[in-house]
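**Student:** Contents of model.csv (CSV, C-alpha atoms and all ligand atoms) are below:
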```csv
chain,number,residue,atom,x,y,z
A,21,MET,CA,-4.1,-42.9,-15.9
A,22,SER,CA,-3.6,-44.0,-12.3
A,23,VAL,CA,-5.0,-47.2,-11.0
A,24,ASP,CA,-5.5,-47.9,-7.3
A,25,ALA,CA,-3.7,-50.7,-5.6
A,26,ALA,CA,-6.9,-52.8,-5.2
A,27,SER,CA,-7.6,-53.1,-8.9
A,28,ARG,CA,-4.0,-53.7,-9.6
A,29,SER,CA,-4.1,-57.0,-7.8
A,30,ASP,CA,-7.3,-58.1,-9.4
A,31,VAL,CA,-6.6,-60.5,-12.2
A,32,LEU,CA,-9.3,-61.0,-14.9
A,33,LEU,CA,-7.6,-63.8,-16.8
A,34,SER,CA,-4.6,-66.0,-16.1
A,35,VAL,CA,-3.3,-68.5,-18.5
A,36,GLU,CA,-0.6,-71.1,-17.9
A,37,GLY,CA,1.1,-73.6,-20.3
A,38,LEU,CA,-0.6,-72.4,-23.5
A,39,THR,CA,0.9,-74.3,-26.5
A,40,VAL,CA,-0.4,-74.1,-30.0
A,41,ASP,CA,0.8,-75.8,-33.2
A,42,LEU,CA,-0.3,-75.5,-36.7
A,43,PRO,CA,0.1,-77.7,-39.8
A,44,GLY,CA,3.2,-76.5,-41.5
A,45,ARG,CA,3.0,-75.0,-45.0
A,46,THR,CA,5.5,-77.7,-46.2
A,47,GLY,CA,4.2,-80.6,-44.1
A,48,GLY,CA,4.8,-81.5,-40.5
A,49,ARG,CA,3.7,-79.2,-37.7
A,50,VAL,CA,4.9,-75.8,-36.6
A,51,ARG,CA,4.8,-74.8,-32.9
A,52,VAL,CA,3.7,-71.1,-32.8
A,53,LEU,CA,3.1,-70.7,-29.1
A,54,GLU,CA,5.3,-72.6,-26.6
A,55,ASP,CA,4.3,-72.9,-23.0
A,56,VAL,CA,3.0,-69.4,-22.8
A,57,ALA,CA,1.9,-68.0,-19.4
A,58,PHE,CA,0.5,-64.6,-18.6
A,59,GLU,CA,-1.9,-62.6,-16.5
A,60,VAL,CA,-4.3,-59.9,-17.6
A,61,PRO,CA,-5.1,-57.6,-14.7
A,62,ARG,CA,-8.7,-56.3,-14.7
A,63,GLY,CA,-9.3,-52.8,-15.9
A,64,ARG,CA,-5.9,-52.4,-17.5
A,65,VAL,CA,-4.7,-51.8,-21.0
A,66,VAL,CA,-2.1,-54.4,-21.9
A,67,GLY,CA,0.1,-54.2,-24.9
A,68,ILE,CA,1.7,-57.1,-26.7
A,69,VAL,CA,4.8,-56.4,-28.7
A,70,GLY,CA,7.4,-58.5,-30.5
A,71,GLU,CA,8.8,-59.1,-33.9
A,72,SER,CA,6.7,-60.2,-36.9
A,73,GLY,CA,6.0,-63.9,-36.6
A,74,SER,CA,6.5,-64.0,-32.8
A,75,GLY,CA,3.0,-65.3,-32.2
A,76,LYS,CA,1.1,-62.2,-31.1
A,77,THR,CA,-1.9,-62.8,-33.4
A,78,MET,CA,-2.0,-66.5,-32.6
A,79,LEU,CA,-2.1,-65.6,-28.9
A,80,LEU,CA,-5.2,-63.5,-29.3
A,81,ARG,CA,-6.8,-65.9,-31.7
A,82,SER,CA,-6.2,-68.8,-29.3
A,83,LEU,CA,-8.2,-67.0,-26.6
A,84,LEU,CA,-11.2,-66.7,-28.9
A,85,ASP,CA,-11.0,-70.1,-30.6
A,86,LEU,CA,-10.2,-68.4,-33.9
A,87,LEU,CA,-7.1,-70.5,-34.8
A,88,PRO,CA,-6.6,-71.6,-38.4
A,89,ASP,CA,-7.9,-75.0,-39.5
A,90,GLY,CA,-5.9,-78.0,-38.2
A,91,ALA,CA,-4.5,-76.0,-35.2
A,92,ARG,CA,-3.9,-77.8,-31.9
A,93,ARG,CA,-4.2,-75.9,-28.7
A,94,SER,CA,-3.5,-77.0,-25.2
A,95,TRP,CA,-3.3,-75.3,-21.9
A,96,GLU,CA,-2.4,-76.4,-18.4
A,97,ARG,CA,-4.5,-73.9,-16.5
A,98,VAL,CA,-6.9,-71.1,-17.3
A,99,VAL,CA,-8.4,-69.0,-14.5
A,100,LEU,CA,-11.1,-66.5,-15.2
A,101,ASP,CA,-12.3,-64.2,-12.4
A,102,GLY,CA,-10.6,-66.4,-9.9
A,103,ALA,CA,-12.4,-69.6,-11.1
A,104,ASP,CA,-10.4,-72.4,-12.7
A,105,ILE,CA,-12.2,-73.0,-16.0
A,106,THR,CA,-9.6,-75.3,-17.6
A,107,SER,CA,-11.8,-78.3,-17.7
A,108,GLU,CA,-14.7,-76.3,-19.3
A,109,LEU,CA,-12.6,-75.3,-22.3
A,110,PRO,CA,-13.1,-75.2,-25.2
A,111,ARG,CA,-16.9,-75.4,-24.7
A,112,ARG,CA,-16.9,-72.3,-22.5
A,113,ARG,CA,-16.1,-69.1,-24.3
A,114,LEU,CA,-14.1,-66.4,-22.7
A,115,PRO,CA,-16.0,-63.1,-22.3
A,116,ALA,CA,-13.9,-61.5,-25.0
A,117,ALA,CA,-14.4,-59.8,-28.3
A,118,MET,CA,-11.9,-58.9,-31.0
A,119,VAL,CA,-11.1,-55.9,-33.1
A,120,PHE,CA,-9.1,-56.6,-36.2
A,121,GLN,CA,-6.5,-54.6,-38.1
A,122,ASP,CA,-8.6,-54.2,-41.2
A,123,PRO,CA,-12.3,-53.9,-40.7
A,124,MET,CA,-12.9,-54.4,-44.4
A,125,THR,CA,-12.0,-58.1,-44.0
A,126,SER,CA,-14.3,-58.5,-41.0
A,127,PHE,CA,-17.4,-56.8,-42.5
A,128,ASN,CA,-19.4,-58.4,-45.2
A,129,PRO,CA,-19.2,-55.8,-48.0
A,130,LEU,CA,-22.9,-56.5,-49.0
A,131,VAL,CA,-24.3,-55.8,-45.5
A,132,ARG,CA,-24.9,-52.4,-44.1
A,133,ILE,CA,-23.3,-51.4,-40.8
A,134,GLY,CA,-26.7,-51.5,-39.2
A,135,GLY,CA,-27.1,-55.2,-40.3
A,136,HIS,CA,-23.7,-56.1,-38.8
A,137,LEU,CA,-24.4,-54.4,-35.5
A,138,THR,CA,-27.9,-55.6,-35.0
A,139,GLU,CA,-26.9,-59.2,-35.8
A,140,VAL,CA,-24.3,-59.1,-33.0
A,141,ALA,CA,-26.8,-57.4,-30.6
A,142,GLN,CA,-29.5,-60.0,-31.3
A,143,ARG,CA,-27.1,-62.9,-30.9
A,144,PHE,CA,-25.3,-61.8,-27.7
A,145,GLN,CA,-28.0,-59.8,-26.0
A,146,ARG,CA,-30.9,-61.9,-27.0
A,147,VAL,CA,-33.1,-59.1,-28.1
A,148,GLY,CA,-35.5,-58.6,-31.0
A,149,ARG,CA,-34.8,-56.5,-34.1
A,150,ARG,CA,-36.2,-53.2,-32.9
A,151,GLU,CA,-34.3,-53.3,-29.6
A,152,ALA,CA,-31.1,-54.5,-31.4
A,153,MET,CA,-31.3,-51.4,-33.6
A,154,ALA,CA,-31.6,-49.2,-30.6
A,155,LEU,CA,-28.6,-50.9,-29.0
A,156,ALA,CA,-26.6,-50.5,-32.3
A,157,ARG,CA,-27.3,-46.8,-32.3
A,158,GLU,CA,-26.2,-46.6,-28.7
A,159,ALA,CA,-23.0,-48.4,-29.5
A,160,LEU,CA,-22.2,-46.0,-32.3
A,161,VAL,CA,-22.7,-43.1,-29.9
A,162,ALA,CA,-20.4,-44.8,-27.4
A,163,VAL,CA,-17.6,-44.9,-30.0
A,164,ARG,CA,-18.2,-41.2,-30.7
A,165,ILE,CA,-19.8,-41.5,-34.1
A,166,PRO,CA,-21.7,-38.2,-34.3
A,167,ASP,CA,-24.4,-39.3,-36.8
A,168,PRO,CA,-25.3,-42.9,-35.9
A,169,GLU,CA,-28.4,-43.0,-38.2
A,170,ARG,CA,-26.4,-42.2,-41.2
A,171,VAL,CA,-23.7,-44.7,-40.4
A,172,LEU,CA,-26.2,-47.5,-39.7
A,173,SER,CA,-27.5,-47.2,-43.2
A,174,ARG,CA,-24.0,-47.2,-44.9
A,175,TYR,CA,-22.2,-50.1,-46.4
A,176,PRO,CA,-18.7,-50.7,-45.0
A,177,HIS,CA,-16.9,-49.3,-48.1
A,178,GLU,CA,-18.8,-46.1,-47.8
A,179,LEU,CA,-17.1,-45.1,-44.5
A,180,SER,CA,-13.6,-43.7,-44.0
A,181,GLY,CA,-11.0,-46.0,-42.4
A,182,GLY,CA,-11.3,-44.3,-39.0
A,183,MET,CA,-15.1,-44.5,-39.1
A,184,ARG,CA,-15.0,-48.1,-40.1
A,185,GLN,CA,-12.7,-48.9,-37.2
A,186,ARG,CA,-15.0,-47.1,-34.8
A,187,ALA,CA,-18.0,-49.2,-36.2
A,188,MET,CA,-15.9,-52.4,-35.7
A,189,ILE,CA,-15.3,-51.4,-32.1
A,190,ALA,CA,-19.0,-50.7,-31.7
A,191,MET,CA,-19.7,-54.2,-33.0
A,192,ALA,CA,-17.3,-55.7,-30.5
A,193,LEU,CA,-18.9,-53.8,-27.7
A,194,LEU,CA,-22.3,-55.2,-28.6
A,195,ALA,CA,-21.0,-58.6,-27.6
A,196,GLN,CA,-20.7,-57.2,-24.1
A,197,PRO,CA,-17.1,-58.3,-23.6
A,198,GLU,CA,-15.2,-57.9,-20.4
A,199,LEU,CA,-12.0,-58.3,-22.4
A,200,LEU,CA,-11.5,-56.4,-25.6
A,201,LEU,CA,-8.7,-57.8,-27.8
A,202,ALA,CA,-7.4,-55.6,-30.6
A,203,ASP,CA,-4.9,-56.8,-33.1
A,204,GLU,CA,-3.0,-53.9,-34.6
A,205,PRO,CA,-6.2,-51.9,-34.6
A,206,THR,CA,-4.6,-48.7,-36.0
A,207,THR,CA,-1.8,-50.0,-38.3
A,208,ALA,CA,-3.9,-49.4,-41.4
A,209,LEU,CA,-4.8,-45.8,-40.4
A,210,ASP,CA,-2.9,-42.5,-40.8
A,211,ALA,CA,-1.3,-41.0,-37.7
A,212,THR,CA,-4.0,-38.6,-36.6
A,213,ILE,CA,-6.8,-41.1,-36.9
A,214,GLN,CA,-4.6,-43.7,-35.2
A,215,ALA,CA,-4.2,-41.4,-32.2
A,216,GLN,CA,-8.0,-40.9,-32.1
A,217,ILE,CA,-8.8,-44.6,-32.1
A,218,LEU,CA,-6.2,-45.3,-29.4
A,219,ALA,CA,-7.6,-42.5,-27.3
A,220,LEU,CA,-11.1,-44.0,-27.8
A,221,LEU,CA,-10.0,-47.4,-26.7
A,222,ARG,CA,-8.5,-45.9,-23.5
A,223,THR,CA,-11.8,-43.9,-22.9
A,224,LEU,CA,-13.9,-47.0,-23.4
A,225,GLN,CA,-11.8,-49.0,-21.0
A,226,ALA,CA,-12.5,-46.4,-18.3
A,227,GLU,CA,-16.1,-45.8,-19.1
A,228,ARG,CA,-17.1,-49.5,-19.4
A,229,ALA,CA,-14.6,-51.0,-16.9
A,230,LEU,CA,-13.2,-53.0,-19.8
A,231,THR,CA,-9.9,-54.8,-19.9
A,232,VAL,CA,-8.1,-54.2,-23.1
A,233,VAL,CA,-5.3,-56.1,-24.9
A,234,ILE,CA,-3.7,-54.3,-27.8
A,235,VAL,CA,-1.2,-56.0,-30.2
A,236,THR,CA,1.0,-53.5,-31.8
A,237,HIS,CA,4.4,-53.0,-33.6
A,238,ASP,CA,4.6,-49.5,-32.3
A,239,LEU,CA,6.3,-49.0,-28.9
A,240,GLY,CA,5.0,-45.4,-29.0
A,241,VAL,CA,1.5,-46.8,-28.8
A,242,VAL,CA,2.4,-48.9,-25.8
A,243,ALA,CA,4.0,-45.9,-24.1
A,244,ALA,CA,1.0,-43.7,-24.8
A,245,VAL,CA,-1.9,-45.9,-23.9
A,246,CYS,CA,-0.9,-49.2,-22.2
A,247,ASP,CA,-0.4,-49.8,-18.5
A,248,ASP,CA,1.3,-53.2,-18.9
A,249,VAL,CA,3.2,-54.9,-21.6
A,250,LEU,CA,4.0,-58.5,-22.7
A,251,VAL,CA,7.1,-58.9,-24.9
A,252,MET,CA,7.0,-61.9,-27.3
A,253,LYS,CA,9.7,-63.7,-29.2
A,254,ASP,CA,9.6,-67.0,-31.1
A,255,GLY,CA,6.3,-68.1,-29.6
A,256,ARG,CA,7.2,-67.3,-26.1
A,257,ILE,CA,6.7,-64.4,-23.7
A,258,VAL,CA,10.1,-63.3,-22.7
A,259,GLU,CA,9.2,-60.4,-20.4
A,260,THR,CA,6.1,-58.9,-18.7
A,261,GLY,CA,5.5,-56.0,-16.4
A,262,THR,CA,4.2,-52.4,-16.2
A,263,VAL,CA,5.2,-50.2,-19.1
A,264,ASP,CA,7.1,-48.0,-16.8
A,265,ARG,CA,9.2,-50.9,-15.4
A,266,VAL,CA,9.8,-52.7,-18.8
A,267,PHE,CA,10.6,-49.5,-20.7
A,268,GLY,CA,12.5,-48.0,-17.8
A,269,ALA,CA,14.5,-51.1,-16.8
A,270,PRO,CA,14.2,-53.9,-19.4
A,271,GLN,CA,15.6,-57.2,-18.1
A,272,HIS,CA,15.6,-59.5,-21.1
A,273,PRO,CA,18.2,-58.9,-23.8
A,274,TYR,CA,15.5,-59.1,-26.5
A,275,THR,CA,13.5,-56.3,-24.8
A,276,LYS,CA,16.6,-54.2,-24.6
A,277,THR,CA,17.2,-54.7,-28.4
A,278,LEU,CA,13.6,-53.9,-29.2
A,279,LEU,CA,13.8,-50.6,-27.2
A,280,ALA,CA,17.2,-49.7,-28.6
A,281,ALA,CA,15.8,-50.1,-32.1
A,282,ALA,CA,12.7,-47.8,-31.4
A,283,PRO,CA,12.8,-44.5,-33.2
A,284,ALA,CA,12.7,-42.1,-30.3
A,285,ALA,CA,11.4,-41.8,-26.7
A,286,PRO,CA,7.7,-42.0,-27.4
A,287,ASP,CA,5.9,-40.2,-24.6
A,288,GLU,CA,3.3,-38.1,-26.3
A,289,PRO,CA,-0.1,-39.0,-25.0
A,290,ALA,CA,-2.9,-39.7,-27.5
A,291,THR,CA,-5.6,-37.3,-26.5
A,292,ASP,CA,-7.3,-36.4,-29.8
A,293,GLN,CA,-11.0,-37.3,-30.0
A,294,GLY,CA,-13.6,-37.6,-32.7
A,295,GLY,CA,-14.1,-35.8,-36.0
A,296,ASP,CA,-12.5,-38.3,-38.4
A,297,ALA,CA,-15.6,-38.7,-40.6
A,301,LIG,N1,-2.3,-70.1,-41.2
A,301,LIG,C1,-1.1,-70.4,-40.8
A,301,LIG,N2,-0.5,-71.6,-41.0
A,301,LIG,C2,0.7,-71.9,-40.6
A,301,LIG,N3,1.5,-71.1,-39.9
A,301,LIG,C3,1.0,-69.9,-39.7
A,301,LIG,C4,-0.3,-69.5,-40.1
A,301,LIG,N4,-0.5,-68.2,-39.6
A,301,LIG,C5,0.7,-67.8,-39.0
A,301,LIG,N5,1.6,-68.8,-39.0
A,301,LIG,C6,2.9,-68.8,-38.4
A,301,LIG,O1,2.7,-68.7,-37.0
A,301,LIG,C7,3.7,-67.9,-36.4
A,301,LIG,C8,3.1,-66.8,-35.5
A,301,LIG,O2,2.4,-66.0,-36.4
A,301,LIG,P1,1.5,-64.7,-35.9
A,301,LIG,O3,0.6,-64.4,-37.0
A,301,LIG,O4,0.9,-65.0,-34.5
A,301,LIG,O5,2.7,-63.7,-35.7
A,301,LIG,P2,2.6,-62.1,-35.3
A,301,LIG,O6,3.5,-61.9,-34.1
A,301,LIG,O7,1.2,-61.7,-35.1
A,301,LIG,O8,3.3,-61.4,-36.5
A,301,LIG,P3,2.9,-60.0,-37.2
A,301,LIG,O9,3.5,-59.0,-36.3
A,301,LIG,O10,3.6,-60.1,-38.5
A,301,LIG,O11,1.4,-59.9,-37.3
A,301,LIG,C9,4.6,-67.4,-37.5
A,301,LIG,O12,5.7,-68.2,-37.6
A,301,LIG,C10,3.7,-67.6,-38.7
A,301,LIG,O13,4.5,-67.9,-39.9
A,302,MG,MG,-0.1,-60.5,-36.2
```
As structure tokens - that is how I would like this structure written.
Ligand SMILES: Nc1ncnc2c1ncn2[C@@H]1O[C@H](COP(=O)(O)OP(=O)(O)OP(=O)(O)O)[C@@H](O)[C@H]1O
Ligand SMILES: [Mg+2]

**Tutor:**
Amino acid sequence: MSVDAASRSDVLLSVEGLTVDLPGRTGGRVRVLEDVAFEVPRGRVVGIVGESGSGKTMLLRSLLDLLPDGARRSWERVVLDGADITSELPRRRLPAAMVFQDPMTSFNPLVRIGGHLTEVAQRFQRVGRREAMALAREALVAVRIPDPERVLSRYPHELSGGMRQRAMIAMALLAQPELLLADEPTTALDATIQAQILALLRTLQAERALTVVIVTHDLGVVAAVCDDVLVMKDGRIVETGTVDRVFGAPQHPYTKTLLAAAPAAPDEPATDQGGDA
């Protein structure tokens, strides 16, 4: 998808000097992010890749204030939409919502999908129950769920993995984020459904002028749906750039290793849509 030069230079979020440490499992403290700096250009789909334990999840969680108990987070500078908001953090929340790998752990199994979605709509859009239900229905239509009424009345375990992930994305949309963060959103799904969910994220980005950040282990996913990529190793970002540049001419030795270890040149676009009920 081509992006014009004007939107290319438009930065939604810029973070400098982000450092996070956690209480270690055997005492002491563990530094999980070290002086991380990155920019998220508006209206782009940004991939974050890197080996297991490199800090990808902690990076997303630190943006949403969802770090584990006892975590310490500091940053030198955070700029949102051109405004320096460093001194307003952590009171001020970023306009972001998150989609997790396994929706089963994010949905309360005893609450129907309609209950989850209306709660978010009521909280974030300050509407009453009736209007929240209408917004929930709309959100399910937006994620291409063909029969929203049926899905609203279902419990999370009654849906297929793909439908559950669509419902989770609908719930995130109801928070009206500018920035949608997705942590391995398709790892738990089979390949066909995975392609559909990725195509959906790409479509939503365009339809809703969202900015999307996707954490993934899969370089094929990055090649198929991302515009830009951040490469992480040991709690640091070692390389950033457009996917074309980073995949075409990697600079950092770790990026070169990562690409050399990838199965094959992954250039199939994910275009499949809908129908995974
Ligand atoms: N609750 C926790 N307490 C202490 N350390 C943790 C905790 N959760 C994660 N870590 C450590 O923080 C570091 C970064 O973890 P993180 O989950 O961000 O990695 P990741 O890149 O998302 O890995 P993966 O690809 O496996 O999901 C790792 O060293 C991990 O062991
Ligand atoms: Mg992770």

**Student:** Would you kindly return, as a ChimeraX atom specification, each protein, DNA or RNA residue with an atom no farther than 8 Å from any atom of Val232 of chain A, considering all atoms listed in the file and excluding same-chain residues fewer than 4 positions away?

**Tutor:** /A:63-66,199-202,221,225

**Student:** How would the residues just chosen look if you wrote them out with C-alpha atoms as a PDB file, in the coordinates of the input?

**Tutor:**
```
ATOM      1  CA  GLY A  63      -9.300 -52.800 -15.900  1.00  0.00           C
ATOM      2  CA  ARG A  64      -5.900 -52.400 -17.500  1.00  0.00           C
ATOM      3  CA  VAL A  65      -4.700 -51.800 -21.000  1.00  0.00           C
ATOM      4  CA  VAL A  66      -2.100 -54.400 -21.900  1.00  0.00           C
ATOM      5  CA  LEU A 199     -12.000 -58.300 -22.400  1.00  0.00           C
ATOM      6  CA  LEU A 200     -11.500 -56.400 -25.600  1.00  0.00           C
ATOM      7  CA  LEU A 201      -8.700 -57.800 -27.800  1.00  0.00           C
ATOM      8  CA  ALA A 202      -7.400 -55.600 -30.600  1.00  0.00           C
ATOM      9  CA  LEU A 221     -10.000 -47.400 -26.700  1.00  0.00           C
ATOM     10  CA  GLN A 225     -11.800 -49.000 -21.000  1.00  0.00           C
TER      11      GLN A 225
END
```

**Student:** Would you mind telling me which residue in A:Thr77, A:Thr260, A:Ser173, A:Thr231 lies nearest to ligand MG 302 (chain A) when using all atoms listed in the file?

**Tutor:**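 So, comparing all the options, the nearest one is A:Thr77.
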
**Student:** Measuring atom to atom with all atoms listed in the file, identify which of A:Val56, A:Leu79, A:Leu218, A:Ile234 is nearest to ligand LIG 301 (chain A).

**Tutor:** A:Leu79

**Student:** Hey, what's within 10 Å of Ile257 of chain A if we count only C-alpha atoms and toss same-chain stuff fewer than 2 positions away? As a list in words, please?

**Tutor:**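 Listing them by chain and then by number gives Leu53, Glu54, Asp55, Val56, Ala57, Phe58, Ile68, Val69, Gly70, Ser74, Gly75, Lys76, Leu250, Val251, Met252, Lys253, Asp254, Gly255, Glu259 and Thr260 of chain A.
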
**Student:** Please report the interatomic distance between atom CA of Leu109 of chain A and atom CA of Ala192 of chain A in Å with one decimal.

**Tutor:**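 Between atom CA of Leu109 of chain A and atom CA of Ala192 of chain A the gap is 21.8 Å.
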
**Student:** Once you count all atoms listed in the file, which residues end up within 6 Å of ligand LIG 301 (chain A), and could you hand them over as a PDB file with C-alpha atoms, in the frame of the given file?

**Tutor:**
```pdb
ATOM      1  CA  LEU A  42      -0.300 -75.500 -36.700  1.00  0.00           C
ATOM      2  CA  PRO A  43       0.100 -77.700 -39.800  1.00  0.00           C
ATOM      3  CA  GLY A  44       3.200 -76.500 -41.500  1.00  0.00           C
ATOM      4  CA  ARG A  45       3.000 -75.000 -45.000  1.00  0.00           C
ATOM      5  CA  VAL A  52       3.700 -71.100 -32.800  1.00  0.00           C
ATOM      6  CA  GLU A  71       8.800 -59.100 -33.900  1.00  0.00           C
ATOM      7  CA  SER A  72       6.700 -60.200 -36.900  1.00  0.00           C
ATOM      8  CA  GLY A  73       6.000 -63.900 -36.600  1.00  0.00           C
ATOM      9  CA  SER A  74       6.500 -64.000 -32.800  1.00  0.00           C
ATOM     10  CA  GLY A  75       3.000 -65.300 -32.200  1.00  0.00           C
ATOM     11  CA  LYS A  76       1.100 -62.200 -31.100  1.00  0.00           C
ATOM     12  CA  THR A  77      -1.900 -62.800 -33.400  1.00  0.00           C
ATOM     13  CA  MET A  78      -2.000 -66.500 -32.600  1.00  0.00           C
ATOM     14  CA  PRO A  88      -6.600 -71.600 -38.400  1.00  0.00           C
TER      15      PRO A  88
END
```

**Student:** Please list as an MDAnalysis selection string every residue within 12 Å of Leu179 of chain A, counting only C-alpha atoms and excluding residues in the same chain fewer than 4 positions away.

**Tutor:** chainID A and resid 123:124 127 129 132:133 165 170:175 183:188 296:297

**Student:** Using only C-alpha atoms, please write the residues we just selected to a file, as a short mmCIF file (atom, residue, chain, number, x, y, z; two decimals), in the coordinates of the input.

**Tutor:**
```cif
data_model
loop_
_atom_site.label_atom_id
_atom_site.label_comp_id
_atom_site.auth_asym_id
_atom_site.auth_seq_id
_atom_site.Cartn_x
_atom_site.Cartn_y
_atom_site.Cartn_z
CA PRO A 123 -12.30 -53.90 -40.70
CA MET A 124 -12.90 -54.40 -44.40
CA PHE A 127 -17.40 -56.80 -42.50
CA PRO A 129 -19.20 -55.80 -48.00
CA ARG A 132 -24.90 -52.40 -44.10
CA ILE A 133 -23.30 -51.40 -40.80
CA ILE A 165 -19.80 -41.50 -34.10
CA ARG A 170 -26.40 -42.20 -41.20
CA VAL A 171 -23.70 -44.70 -40.40
CA LEU A 172 -26.20 -47.50 -39.70
CA SER A 173 -27.50 -47.20 -43.20
CA ARG A 174 -24.00 -47.20 -44.90
CA TYR A 175 -22.20 -50.10 -46.40
CA MET A 183 -15.10 -44.50 -39.10
CA ARG A 184 -15.00 -48.10 -40.10
CA GLN A 185 -12.70 -48.90 -37.20
CA ARG A 186 -15.00 -47.10 -34.80
CA ALA A 187 -18.00 -49.20 -36.20
CA MET A 188 -15.90 -52.40 -35.70
CA ASP A 296 -12.50 -38.30 -38.40
CA ALA A 297 -15.60 -38.70 -40.60
#
```

**Student:** Residues at most 7 Å from Val263 of chain A, counting all atoms listed in the file, excluding those fewer than 6 positions away in the same chain, as an MDAnalysis selection string?

**Tutor:** chainID A and resid 243 246:249

**Student:** To one decimal place, how far is atom CA of Ala195 of chain A from atom CA of Met118 of chain A in Å?

**Tutor:** 9.7 Å

**Student:** Rounded to one decimal, what separation in Å do you get between atom CA of Gln121 of chain A and atom CA of Arg157 of chain A?

**Tutor:** 23.0 Å

**Student:** In terms of the shortest atom-to-atom distance over only C-alpha atoms and all ligand atoms, which of A:Leu160, A:Val140, A:Val235, A:Ile189 is closest to ligand MG 302 (chain A)?

**Tutor:**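 That would be A:Val235, the residue with the smallest distance to ligand MG 302 (chain A).
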
**Student:** Using all atoms listed in the file, pick whichever of A:Gln271, A:Asn128, A:Thr207, A:Gln216 has the shortest atom-to-atom distance to ligand MG 302 (chain A).

**Tutor:**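 Smallest separation from ligand MG 302 (chain A) among the options: A:Thr207.
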
**Student:** Using all atoms listed in the file for the distances, tell me which of A:Val50, A:Ala152, A:Leu80, A:Ala281 is nearest to ligand MG 302 (chain A).

**Tutor:** A:Leu80

**Student:** Which residue is closest to Leu194 of chain A? Choose from A:Leu155, A:Ile217, A:Leu86, A:Leu279 and count all atoms listed in the file.

**Tutor:**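 Under the stated criterion, the closest residue is A:Leu155.
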
**Student:** In the coordinate frame of the file, compute which residues have an atom within 12 Å of (-28.0, -56.6, -36.0) when using only C-alpha atoms, and state them as a ChimeraX atom specification.

**Tutor:** /A:131-157,159,172-173,190-191,194-195

**Student:** Hey, what's within 8 Å of Ser94 of chain A if we count only C-alpha atoms and toss same-chain stuff fewer than 5 positions away? As a ChimeraX atom specification, please?

**Tutor:** /A:37-40

**Student:** With segment 95-106 of chain A as the partner and 12 Å as the cut-off, tabulate the residues of segment 114-136 of chain A that qualify, each row holding the nearest pair of atoms and their distance in Å to one decimal, using only C-alpha atoms, sorted by chain and rising number, as JSON lines.

**Tutor:**
```
{"residue": "A:Leu114", "atom": "CA", "partner": "A:Leu100", "partner_atom": "CA", "distance": 8.1}
{"residue": "A:Pro115", "atom": "CA", "partner": "A:Leu100", "partner_atom": "CA", "distance": 9.3}
{"residue": "A:Ala116", "atom": "CA", "partner": "A:Leu100", "partner_atom": "CA", "distance": 11.4}
```

**Student:** Using C-alpha atoms, can you export the residues from the last selection as an mmCIF file, in the frame of the given file?

**Tutor:**
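Written out: part-v1.cif:
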```
data_model
loop_
_atom_site.group_PDB
_atom_site.id
_atom_site.type_symbol
_atom_site.label_atom_id
_atom_site.label_comp_id
_atom_site.auth_asym_id
_atom_site.auth_seq_id
_atom_site.Cartn_x
_atom_site.Cartn_y
_atom_site.Cartn_z
ATOM 1 C CA LEU A 114 -14.100 -66.400 -22.700
ATOM 2 C CA PRO A 115 -16.000 -63.100 -22.300
ATOM 3 C CA ALA A 116 -13.900 -61.500 -25.000
#
```

**Student:** Taking only C-alpha atoms, show segment 201-231 of chain A of the given structure as a PDB file, in the first residue's frame.

**Tutor:**
```pdb
ATOM      1  CA  LEU A 201      -1.050  -2.424  19.456  1.00  0.00           C
ATOM      2  CA  ALA A 202      -1.153  -6.128  18.638  1.00  0.00           C
ATOM      3  CA  ASP A 203       1.075  -8.646  20.412  1.00  0.00           C
ATOM      4  CA  GLU A 204       1.408 -11.767  18.246  1.00  0.00           C
ATOM      5  CA  PRO A 205      -2.251 -11.411  17.269  1.00  0.00           C
ATOM      6  CA  THR A 206      -2.252 -14.451  15.007  1.00  0.00           C
ATOM      7  CA  THR A 207       0.286 -16.838  16.509  1.00  0.00           C
ATOM      8  CA  ALA A 208      -2.433 -19.018  18.043  1.00  0.00           C
ATOM      9  CA  LEU A 209      -4.360 -19.312  14.757  1.00  0.00           C
ATOM     10  CA  ASP A 210      -3.910 -21.593  11.777  1.00  0.00           C
ATOM     11  CA  ALA A 211      -2.356 -20.201   8.607  1.00  0.00           C
ATOM     12  CA  THR A 212      -5.517 -19.330   6.646  1.00  0.00           C
ATOM     13  CA  ILE A 213      -7.182 -17.573   9.565  1.00  0.00           C
ATOM     14  CA  GLN A 214      -3.906 -15.857  10.357  1.00  0.00           C
ATOM     15  CA  ALA A 215      -3.806 -14.342   6.863  1.00  0.00           C
ATOM     16  CA  GLN A 216      -7.421 -13.168   7.230  1.00  0.00           C
ATOM     17  CA  ILE A 217      -6.790 -11.450  10.559  1.00  0.00           C
ATOM     18  CA  LEU A 218      -3.669  -9.726   9.224  1.00  0.00           C
ATOM     19  CA  ALA A 219      -5.541  -8.546   6.152  1.00  0.00           C
ATOM     20  CA  LEU A 220      -8.267  -7.252   8.468  1.00  0.00           C
ATOM     21  CA  LEU A 221      -5.750  -5.245  10.505  1.00  0.00           C
ATOM     22  CA  ARG A 222      -4.383  -3.745   7.312  1.00  0.00           C
ATOM     23  CA  THR A 223      -7.929  -2.884   6.119  1.00  0.00           C
ATOM     24  CA  LEU A 224      -8.866  -1.313   9.462  1.00  0.00           C
ATOM     25  CA  GLN A 225      -5.700   0.752   9.399  1.00  0.00           C
ATOM     26  CA  ALA A 226      -6.744   2.248   6.078  1.00  0.00           C
ATOM     27  CA  GLU A 227     -10.472   2.610   6.826  1.00  0.00           C
ATOM     28  CA  ARG A 228     -10.026   4.201  10.238  1.00  0.00           C
ATOM     29  CA  ALA A 229      -6.751   6.062   9.712  1.00  0.00           C
ATOM     30  CA  LEU A 230      -5.288   3.955  12.509  1.00  0.00           C
ATOM     31  CA  THR A 231      -1.644   3.478  13.264  1.00  0.00           C
TER      32      THR A 231
END
```
